[in-house]
$ cat upload16.txt   # compact mmCIF, N, CA and C atoms
# COMPACT_ATOMS: atom_id res chain seq x y z
N GLN Q 1 82.48 157.37 123.46
CA GLN Q 1 81.37 157.85 124.26
C GLN Q 1 80.87 159.17 123.69
N VAL Q 2 79.67 159.47 124.04
CA VAL Q 2 79.07 160.72 123.59
C VAL Q 2 78.42 161.37 124.80
N GLN Q 3 78.39 162.70 124.80
CA GLN Q 3 77.76 163.39 125.90
C GLN Q 3 76.27 163.50 125.64
N LEU Q 4 75.49 163.16 126.62
CA LEU Q 4 74.04 163.25 126.51
C LEU Q 4 73.54 164.36 127.42
N VAL Q 5 72.59 165.11 126.93
CA VAL Q 5 72.06 166.24 127.68
C VAL Q 5 70.56 166.05 127.88
N GLU Q 6 70.16 165.91 129.14
CA GLU Q 6 68.75 165.74 129.45
C GLU Q 6 68.12 167.10 129.78
N SER Q 7 66.84 167.18 129.54
CA SER Q 7 66.08 168.37 129.92
C SER Q 7 64.64 167.96 130.16
N GLY Q 8 63.90 168.85 130.83
CA GLY Q 8 62.48 168.61 131.02
C GLY Q 8 62.06 168.24 132.42
N GLY Q 9 63.01 168.03 133.32
CA GLY Q 9 62.64 167.72 134.68
C GLY Q 9 62.05 168.92 135.39
N GLY Q 10 61.53 168.68 136.58
CA GLY Q 10 60.96 169.78 137.34
C GLY Q 10 60.11 169.30 138.48
N LEU Q 11 59.35 170.24 139.04
CA LEU Q 11 58.46 169.96 140.17
C LEU Q 11 57.02 170.03 139.68
N VAL Q 12 56.29 168.95 139.90
CA VAL Q 12 54.88 168.90 139.51
C VAL Q 12 54.08 168.28 140.63
N GLN Q 13 52.77 168.39 140.51
CA GLN Q 13 51.89 167.75 141.48
C GLN Q 13 51.49 166.37 140.98
N ALA Q 14 51.10 165.53 141.89
CA ALA Q 14 50.65 164.19 141.53
C ALA Q 14 49.52 164.28 140.49
N GLY Q 15 49.60 163.41 139.49
CA GLY Q 15 48.61 163.39 138.43
C GLY Q 15 48.99 164.20 137.20
N GLU Q 16 49.98 165.05 137.34
CA GLU Q 16 50.42 165.87 136.22
C GLU Q 16 51.44 165.14 135.35
N SER Q 17 51.89 165.82 134.31
CA SER Q 17 52.77 165.19 133.32
C SER Q 17 54.06 165.99 133.15
N LEU Q 18 55.09 165.29 132.69
CA LEU Q 18 56.34 165.91 132.28
C LEU Q 18 56.86 165.15 131.07
N ARG Q 19 57.63 165.83 130.23
CA ARG Q 19 58.31 165.15 129.14
C ARG Q 19 59.79 165.44 129.23
N LEU Q 20 60.55 164.37 129.37
CA LEU Q 20 62.01 164.49 129.39
C LEU Q 20 62.54 164.31 127.98
N SER Q 21 63.59 165.05 127.67
CA SER Q 21 64.26 164.94 126.38
C SER Q 21 65.73 164.61 126.60
N CYS Q 22 66.31 163.89 125.66
CA CYS Q 22 67.72 163.53 125.73
C CYS Q 22 68.32 163.76 124.36
N LEU Q 23 69.29 164.64 124.32
CA LEU Q 23 69.92 165.02 123.06
C LEU Q 23 71.43 164.81 123.17
N PRO Q 24 72.01 164.09 122.21
CA PRO Q 24 73.45 163.91 122.26
C PRO Q 24 74.17 165.14 121.72
N SER Q 25 75.35 165.35 122.20
CA SER Q 25 76.16 166.44 121.68
C SER Q 25 77.54 165.92 121.34
N GLY Q 26 78.16 166.55 120.39
CA GLY Q 26 79.52 166.16 120.06
C GLY Q 26 79.55 165.20 118.89
N ARG Q 27 79.99 163.98 119.15
CA ARG Q 27 80.26 163.02 118.09
C ARG Q 27 79.00 162.55 117.37
N THR Q 28 79.22 161.99 116.20
CA THR Q 28 78.11 161.46 115.40
C THR Q 28 77.34 160.41 116.18
N PHE Q 29 76.07 160.47 116.05
CA PHE Q 29 75.17 159.62 116.84
C PHE Q 29 74.23 158.92 115.88
N ILE Q 30 74.34 157.61 115.78
CA ILE Q 30 73.57 156.88 114.77
C ILE Q 30 72.63 155.91 115.45
N SER Q 31 71.52 156.42 115.99
CA SER Q 31 70.41 155.62 116.51
C SER Q 31 70.82 154.40 117.33
N PRO Q 32 71.65 154.54 118.34
CA PRO Q 32 71.92 153.39 119.19
C PRO Q 32 70.72 153.10 120.06
N PRO Q 33 70.66 151.91 120.65
CA PRO Q 33 69.62 151.65 121.64
C PRO Q 33 69.82 152.57 122.84
N MET Q 34 68.74 153.01 123.42
CA MET Q 34 68.82 153.98 124.51
C MET Q 34 67.87 153.61 125.62
N GLY Q 35 68.12 154.19 126.78
CA GLY Q 35 67.28 153.91 127.93
C GLY Q 35 67.17 155.10 128.85
N TRP Q 36 66.15 155.08 129.66
CA TRP Q 36 65.97 156.04 130.74
C TRP Q 36 66.04 155.28 132.07
N PHE Q 37 66.88 155.76 132.94
CA PHE Q 37 67.05 155.17 134.26
C PHE Q 37 66.69 156.21 135.31
N ARG Q 38 66.40 155.73 136.51
CA ARG Q 38 66.20 156.67 137.61
C ARG Q 38 66.86 156.10 138.85
N GLN Q 39 67.23 157.02 139.73
CA GLN Q 39 67.95 156.62 140.93
C GLN Q 39 67.58 157.54 142.07
N ALA Q 40 67.14 156.95 143.15
CA ALA Q 40 66.88 157.69 144.38
C ALA Q 40 68.10 157.57 145.28
N PRO Q 41 68.31 158.51 146.19
CA PRO Q 41 69.47 158.45 147.08
C PRO Q 41 69.53 157.13 147.83
N GLY Q 42 70.68 156.50 147.80
CA GLY Q 42 70.87 155.26 148.53
C GLY Q 42 70.33 154.03 147.84
N LYS Q 43 69.80 154.20 146.64
CA LYS Q 43 69.24 153.06 145.92
C LYS Q 43 69.99 152.84 144.62
N GLU Q 44 69.83 151.64 144.06
CA GLU Q 44 70.46 151.33 142.78
C GLU Q 44 69.70 152.01 141.65
N ARG Q 45 70.44 152.22 140.55
CA ARG Q 45 69.83 152.82 139.37
C ARG Q 45 68.91 151.80 138.72
N GLU Q 46 67.71 152.24 138.36
CA GLU Q 46 66.68 151.35 137.82
C GLU Q 46 66.33 151.79 136.40
N CYS Q 47 66.24 150.81 135.52
CA CYS Q 47 65.79 151.11 134.15
C CYS Q 47 64.28 151.23 134.15
N VAL Q 48 63.77 152.39 133.77
CA VAL Q 48 62.32 152.56 133.70
C VAL Q 48 61.79 152.38 132.30
N ALA Q 49 62.63 152.62 131.30
CA ALA Q 49 62.20 152.46 129.91
C ALA Q 49 63.42 152.31 129.02
N ALA Q 50 63.25 151.55 127.95
CA ALA Q 50 64.32 151.37 126.98
C ALA Q 50 63.71 151.25 125.59
N ILE Q 51 64.52 151.60 124.59
CA ILE Q 51 64.02 151.58 123.22
C ILE Q 51 65.12 151.06 122.29
N SER Q 52 64.71 150.30 121.30
CA SER Q 52 65.65 149.74 120.35
C SER Q 52 66.09 150.79 119.33
N SER Q 53 67.07 150.44 118.54
CA SER Q 53 67.55 151.36 117.52
C SER Q 53 66.45 151.72 116.52
N THR Q 54 65.65 150.74 116.16
CA THR Q 54 64.57 151.00 115.20
C THR Q 54 63.44 151.81 115.81
N GLY Q 55 63.35 151.77 117.15
CA GLY Q 55 62.20 152.38 117.81
C GLY Q 55 61.00 151.46 117.84
N GLY Q 56 61.13 150.28 117.23
CA GLY Q 56 59.99 149.39 117.12
C GLY Q 56 59.72 148.55 118.35
N ARG Q 57 60.71 148.43 119.23
CA ARG Q 57 60.51 147.68 120.46
C ARG Q 57 60.88 148.54 121.65
N THR Q 58 60.05 148.44 122.68
CA THR Q 58 60.28 149.21 123.89
C THR Q 58 60.08 148.34 125.12
N TYR Q 59 60.65 148.81 126.21
CA TYR Q 59 60.54 148.13 127.50
C TYR Q 59 60.10 149.15 128.54
N TYR Q 60 59.27 148.70 129.47
CA TYR Q 60 58.87 149.54 130.60
C TYR Q 60 58.92 148.74 131.89
N ALA Q 61 59.40 149.36 132.92
CA ALA Q 61 59.32 148.75 134.25
C ALA Q 61 57.86 148.65 134.65
N ASP Q 62 57.54 147.64 135.43
CA ASP Q 62 56.16 147.45 135.85
C ASP Q 62 55.59 148.68 136.53
N SER Q 63 56.44 149.38 137.25
CA SER Q 63 55.97 150.52 138.04
C SER Q 63 55.53 151.71 137.17
N VAL Q 64 55.90 151.71 135.89
CA VAL Q 64 55.56 152.85 135.04
C VAL Q 64 54.71 152.46 133.83
N LYS Q 65 54.45 151.18 133.66
CA LYS Q 65 53.66 150.73 132.51
C LYS Q 65 52.30 151.41 132.47
N GLY Q 66 51.93 151.85 131.29
CA GLY Q 66 50.65 152.52 131.13
C GLY Q 66 50.69 154.01 131.43
N ARG Q 67 51.79 154.48 132.02
CA ARG Q 67 51.91 155.90 132.38
C ARG Q 67 53.05 156.59 131.62
N PHE Q 68 54.13 155.87 131.37
CA PHE Q 68 55.30 156.44 130.71
C PHE Q 68 55.38 155.91 129.28
N THR Q 69 55.89 156.75 128.38
CA THR Q 69 56.10 156.35 127.00
C THR Q 69 57.47 156.84 126.55
N ILE Q 70 58.29 155.91 126.06
CA ILE Q 70 59.59 156.27 125.49
C ILE Q 70 59.46 156.31 123.98
N SER Q 71 60.08 157.28 123.36
CA SER Q 71 60.03 157.39 121.91
C SER Q 71 61.32 158.04 121.43
N ARG Q 72 61.56 157.94 120.12
CA ARG Q 72 62.77 158.56 119.58
C ARG Q 72 62.44 159.21 118.25
N ASP Q 73 63.12 160.31 118.01
CA ASP Q 73 63.04 161.01 116.74
C ASP Q 73 64.43 160.93 116.14
N SER Q 74 64.63 159.98 115.24
CA SER Q 74 65.96 159.74 114.70
C SER Q 74 66.48 160.93 113.90
N ALA Q 75 65.58 161.66 113.27
CA ALA Q 75 66.01 162.82 112.49
C ALA Q 75 66.63 163.88 113.39
N LYS Q 76 66.12 163.97 114.62
CA LYS Q 76 66.63 164.95 115.58
C LYS Q 76 67.61 164.32 116.57
N ASN Q 77 67.86 163.01 116.43
CA ASN Q 77 68.73 162.31 117.38
C ASN Q 77 68.30 162.53 118.81
N THR Q 78 67.02 162.55 119.03
CA THR Q 78 66.48 162.84 120.35
C THR Q 78 65.60 161.71 120.84
N VAL Q 79 65.72 161.39 122.11
CA VAL Q 79 64.87 160.39 122.75
C VAL Q 79 64.05 161.10 123.82
N TYR Q 80 62.80 160.72 123.93
CA TYR Q 80 61.89 161.36 124.86
C TYR Q 80 61.35 160.35 125.87
N LEU Q 81 60.96 160.84 127.02
CA LEU Q 81 60.22 160.05 128.00
C LEU Q 81 59.03 160.88 128.43
N GLN Q 82 57.86 160.52 127.92
CA GLN Q 82 56.63 161.18 128.31
C GLN Q 82 56.12 160.51 129.57
N MET Q 83 55.96 161.30 130.61
CA MET Q 83 55.55 160.76 131.91
C MET Q 83 54.20 161.36 132.29
N ASN Q 84 53.18 160.52 132.31
CA ASN Q 84 51.83 160.96 132.66
C ASN Q 84 51.43 160.38 134.01
N LEU Q 85 50.40 160.95 134.58
CA LEU Q 85 49.86 160.47 135.86
C LEU Q 85 50.98 160.25 136.89
N LEU Q 86 51.81 161.23 137.02
CA LEU Q 86 52.96 161.10 137.90
C LEU Q 86 52.54 160.91 139.35
N LYS Q 87 53.32 160.14 140.06
CA LYS Q 87 53.07 159.82 141.46
C LYS Q 87 54.25 160.30 142.29
N PRO Q 88 54.04 160.55 143.58
CA PRO Q 88 55.16 160.96 144.44
C PRO Q 88 56.31 159.96 144.40
N GLU Q 89 56.01 158.68 144.24
CA GLU Q 89 57.07 157.66 144.20
C GLU Q 89 57.88 157.71 142.91
N ASP Q 90 57.48 158.52 141.96
CA ASP Q 90 58.28 158.72 140.74
C ASP Q 90 59.39 159.75 140.97
N THR Q 91 59.40 160.37 142.12
CA THR Q 91 60.43 161.36 142.44
C THR Q 91 61.80 160.72 142.45
N ASP Q 92 62.68 161.20 141.59
CA ASP Q 92 64.01 160.63 141.43
C ASP Q 92 64.83 161.54 140.53
N VAL Q 93 66.11 161.23 140.42
CA VAL Q 93 66.92 161.80 139.35
C VAL Q 93 66.84 160.84 138.17
N TYR Q 94 66.51 161.38 136.99
CA TYR Q 94 66.35 160.56 135.79
C TYR Q 94 67.55 160.77 134.88
N TYR Q 95 68.08 159.64 134.39
CA TYR Q 95 69.26 159.66 133.54
C TYR Q 95 68.94 159.05 132.19
N CYS Q 96 69.48 159.66 131.17
CA CYS Q 96 69.42 159.12 129.82
C CYS Q 96 70.70 158.35 129.56
N ALA Q 97 70.61 157.23 128.83
CA ALA Q 97 71.79 156.43 128.54
C ALA Q 97 71.74 155.93 127.10
N ALA Q 98 72.93 155.80 126.54
CA ALA Q 98 73.06 155.29 125.16
C ALA Q 98 74.11 154.20 125.12
N ARG Q 99 73.87 153.23 124.27
CA ARG Q 99 74.85 152.15 124.09
C ARG Q 99 75.69 152.51 122.88
N GLY Q 100 76.75 153.26 123.13
CA GLY Q 100 77.64 153.65 122.05
C GLY Q 100 77.08 154.80 121.23
N THR Q 101 77.79 155.15 120.18
CA THR Q 101 77.37 156.24 119.30
C THR Q 101 76.95 155.75 117.93
N ALA Q 102 77.41 154.58 117.53
CA ALA Q 102 77.09 154.06 116.21
C ALA Q 102 76.77 152.59 116.27
N TYR Q 103 76.26 152.16 117.41
CA TYR Q 103 75.89 150.75 117.58
C TYR Q 103 74.42 150.61 117.22
N TYR Q 104 74.16 149.86 116.19
CA TYR Q 104 72.78 149.68 115.73
C TYR Q 104 72.29 148.33 116.21
N SER Q 105 71.26 148.32 117.02
CA SER Q 105 70.81 147.07 117.65
C SER Q 105 69.61 146.45 116.96
N GLY Q 106 69.15 147.08 115.87
CA GLY Q 106 67.94 146.54 115.26
C GLY Q 106 66.77 146.68 116.22
N ASN Q 107 66.12 145.59 116.51
CA ASN Q 107 64.97 145.61 117.41
C ASN Q 107 65.31 145.22 118.84
N ASN Q 108 66.58 145.19 119.16
CA ASN Q 108 66.97 144.84 120.53
C ASN Q 108 67.05 146.08 121.41
N TYR Q 109 66.57 145.92 122.64
CA TYR Q 109 66.76 146.97 123.64
C TYR Q 109 67.50 146.36 124.82
N TYR Q 110 67.97 147.22 125.71
CA TYR Q 110 68.78 146.77 126.84
C TYR Q 110 68.28 147.42 128.12
N THR Q 111 68.22 146.63 129.18
CA THR Q 111 67.73 147.15 130.45
C THR Q 111 68.80 147.18 131.53
N GLU Q 112 69.96 146.54 131.26
CA GLU Q 112 71.01 146.51 132.26
C GLU Q 112 71.84 147.79 132.19
N GLU Q 113 72.17 148.31 133.36
CA GLU Q 113 73.00 149.51 133.42
C GLU Q 113 74.33 149.28 132.72
N SER Q 114 74.88 148.09 132.83
CA SER Q 114 76.19 147.78 132.27
C SER Q 114 76.18 147.76 130.74
N ALA Q 115 75.01 147.73 130.14
CA ALA Q 115 74.93 147.70 128.67
C ALA Q 115 75.17 149.07 128.06
N TYR Q 116 75.16 150.11 128.87
CA TYR Q 116 75.28 151.47 128.36
C TYR Q 116 76.63 152.08 128.75
N ASN Q 117 77.19 152.85 127.84
CA ASN Q 117 78.49 153.47 128.15
C ASN Q 117 78.48 154.98 128.00
N SER Q 118 77.33 155.56 127.69
CA SER Q 118 77.23 157.01 127.65
C SER Q 118 76.02 157.41 128.50
N TRP Q 119 76.23 158.39 129.37
CA TRP Q 119 75.20 158.80 130.31
C TRP Q 119 75.07 160.31 130.34
N GLY Q 120 73.87 160.76 130.60
CA GLY Q 120 73.65 162.18 130.83
C GLY Q 120 73.95 162.53 132.28
N GLN Q 121 73.81 163.80 132.58
CA GLN Q 121 74.13 164.27 133.93
C GLN Q 121 72.97 164.09 134.90
N GLY Q 122 71.81 163.78 134.37
CA GLY Q 122 70.64 163.57 135.21
C GLY Q 122 69.78 164.80 135.31
N THR Q 123 68.49 164.59 135.43
CA THR Q 123 67.55 165.69 135.61
C THR Q 123 66.59 165.30 136.73
N GLN Q 124 66.35 166.21 137.64
CA GLN Q 124 65.53 165.93 138.82
C GLN Q 124 64.05 166.03 138.47
N VAL Q 125 63.33 165.00 138.87
CA VAL Q 125 61.87 165.01 138.77
C VAL Q 125 61.32 164.89 140.19
N THR Q 126 60.51 165.85 140.58
CA THR Q 126 59.92 165.85 141.91
C THR Q 126 58.41 165.95 141.78
N VAL Q 127 57.72 164.99 142.39
CA VAL Q 127 56.26 164.95 142.33
C VAL Q 127 55.72 165.12 143.75
N SER Q 128 54.97 166.17 143.94
CA SER Q 128 54.40 166.43 145.26
C SER Q 128 53.00 165.84 145.36
N SER Q 129 52.63 165.46 146.55
CA SER Q 129 51.32 164.83 146.75
C SER Q 129 50.24 165.87 147.03

$ encode --input "upload16.txt" --output "structure tokens"
Amino acid sequence: QVQLVESGGGLVQAGESLRLSCLPSGRTFISPPMGWFRQAPGKERECVAAISSTGGRTYYADSVKGRFTISRDSAKNTVYLQMNLLKPEDTDVYYCAARGTAYYSGNNYYTEESAYNSWGQGTQVTVSS
């Protein structure tokens, strides 16, 4: 496992944007497939976006399509979630996840929580109306 560190959360008004970043620390990290999940109190964790090792394939939940963009900078070992046109219903704790440290998935991405074994501590995103 590898420790993931998220940043970029905060409080914004509806319609504004935020960019979340996820940076691994510690062990060698070789472009595994990654995802961004969110979880509200009392609810299950939901995959909002996922990206393959190559970065060539991505997934978005219907609720964020057209507003969120997941991307990765392999040189910096960093994955981003650009969130535009934020809505109050986007308010959640957002988690970054990685499937291993040296698992190369090619063009495959994963949306199931069980597919990931490294998680960040979460970053709060709050959108006011």

$ atom_distance --input "upload16.txt" --atom1 "atom CA of Q:Glu16" --atom2 "atom CA of Q:Val64"
14.0 Å

$ select_by_dssp --input "upload16.txt" --residues "chain Q" --states "strand (DSSP E)" --output "PyMOL selection string"
chain Q and resi 3-7+10-13+18-25+34-39+46-51+58-60+68-73+78-83+92-98+118-119+123-128

$ closest_residue --input "upload16.txt" --among "Q:Thr126, Q:Ser105, Q:Ser118, Q:Gln82" --to "Q:Phe68" --atoms "all atoms listed in the file"
Q:Gln82

$ atom_distance --input "upload16.txt" --atom1 "atom N of Q:Trp36" --atom2 "atom C of Q:Thr58"
10.1 Å

$ residues_around --input "upload16.txt" --residues "Q:Gly106" --least-positions-apart "4" --cutoff "6.5 Å" --atoms "all atoms listed in the file" --output "list in words"
Ser52, Ser53, Thr54 and Gly55 of chain Q

$ closest_residue --input "upload16.txt" --among "Q:Leu85, Q:Glu6, Q:Asn117, Q:Val79" --to "Q:Gly66" --atoms "all atoms listed in the file"
Q:Leu85

$ closest_residue --input "upload16.txt" --among "Q:Ser25, Q:Thr123, Q:Thr78, Q:Ser128" --to "Q:Val2" --atoms "all atoms listed in the file"
Q:Ser25

$ atom_distance --input "upload16.txt" --atom1 "atom CA of Q:Gly26" --atom2 "atom CA of Q:Gly10"
25.6 Å
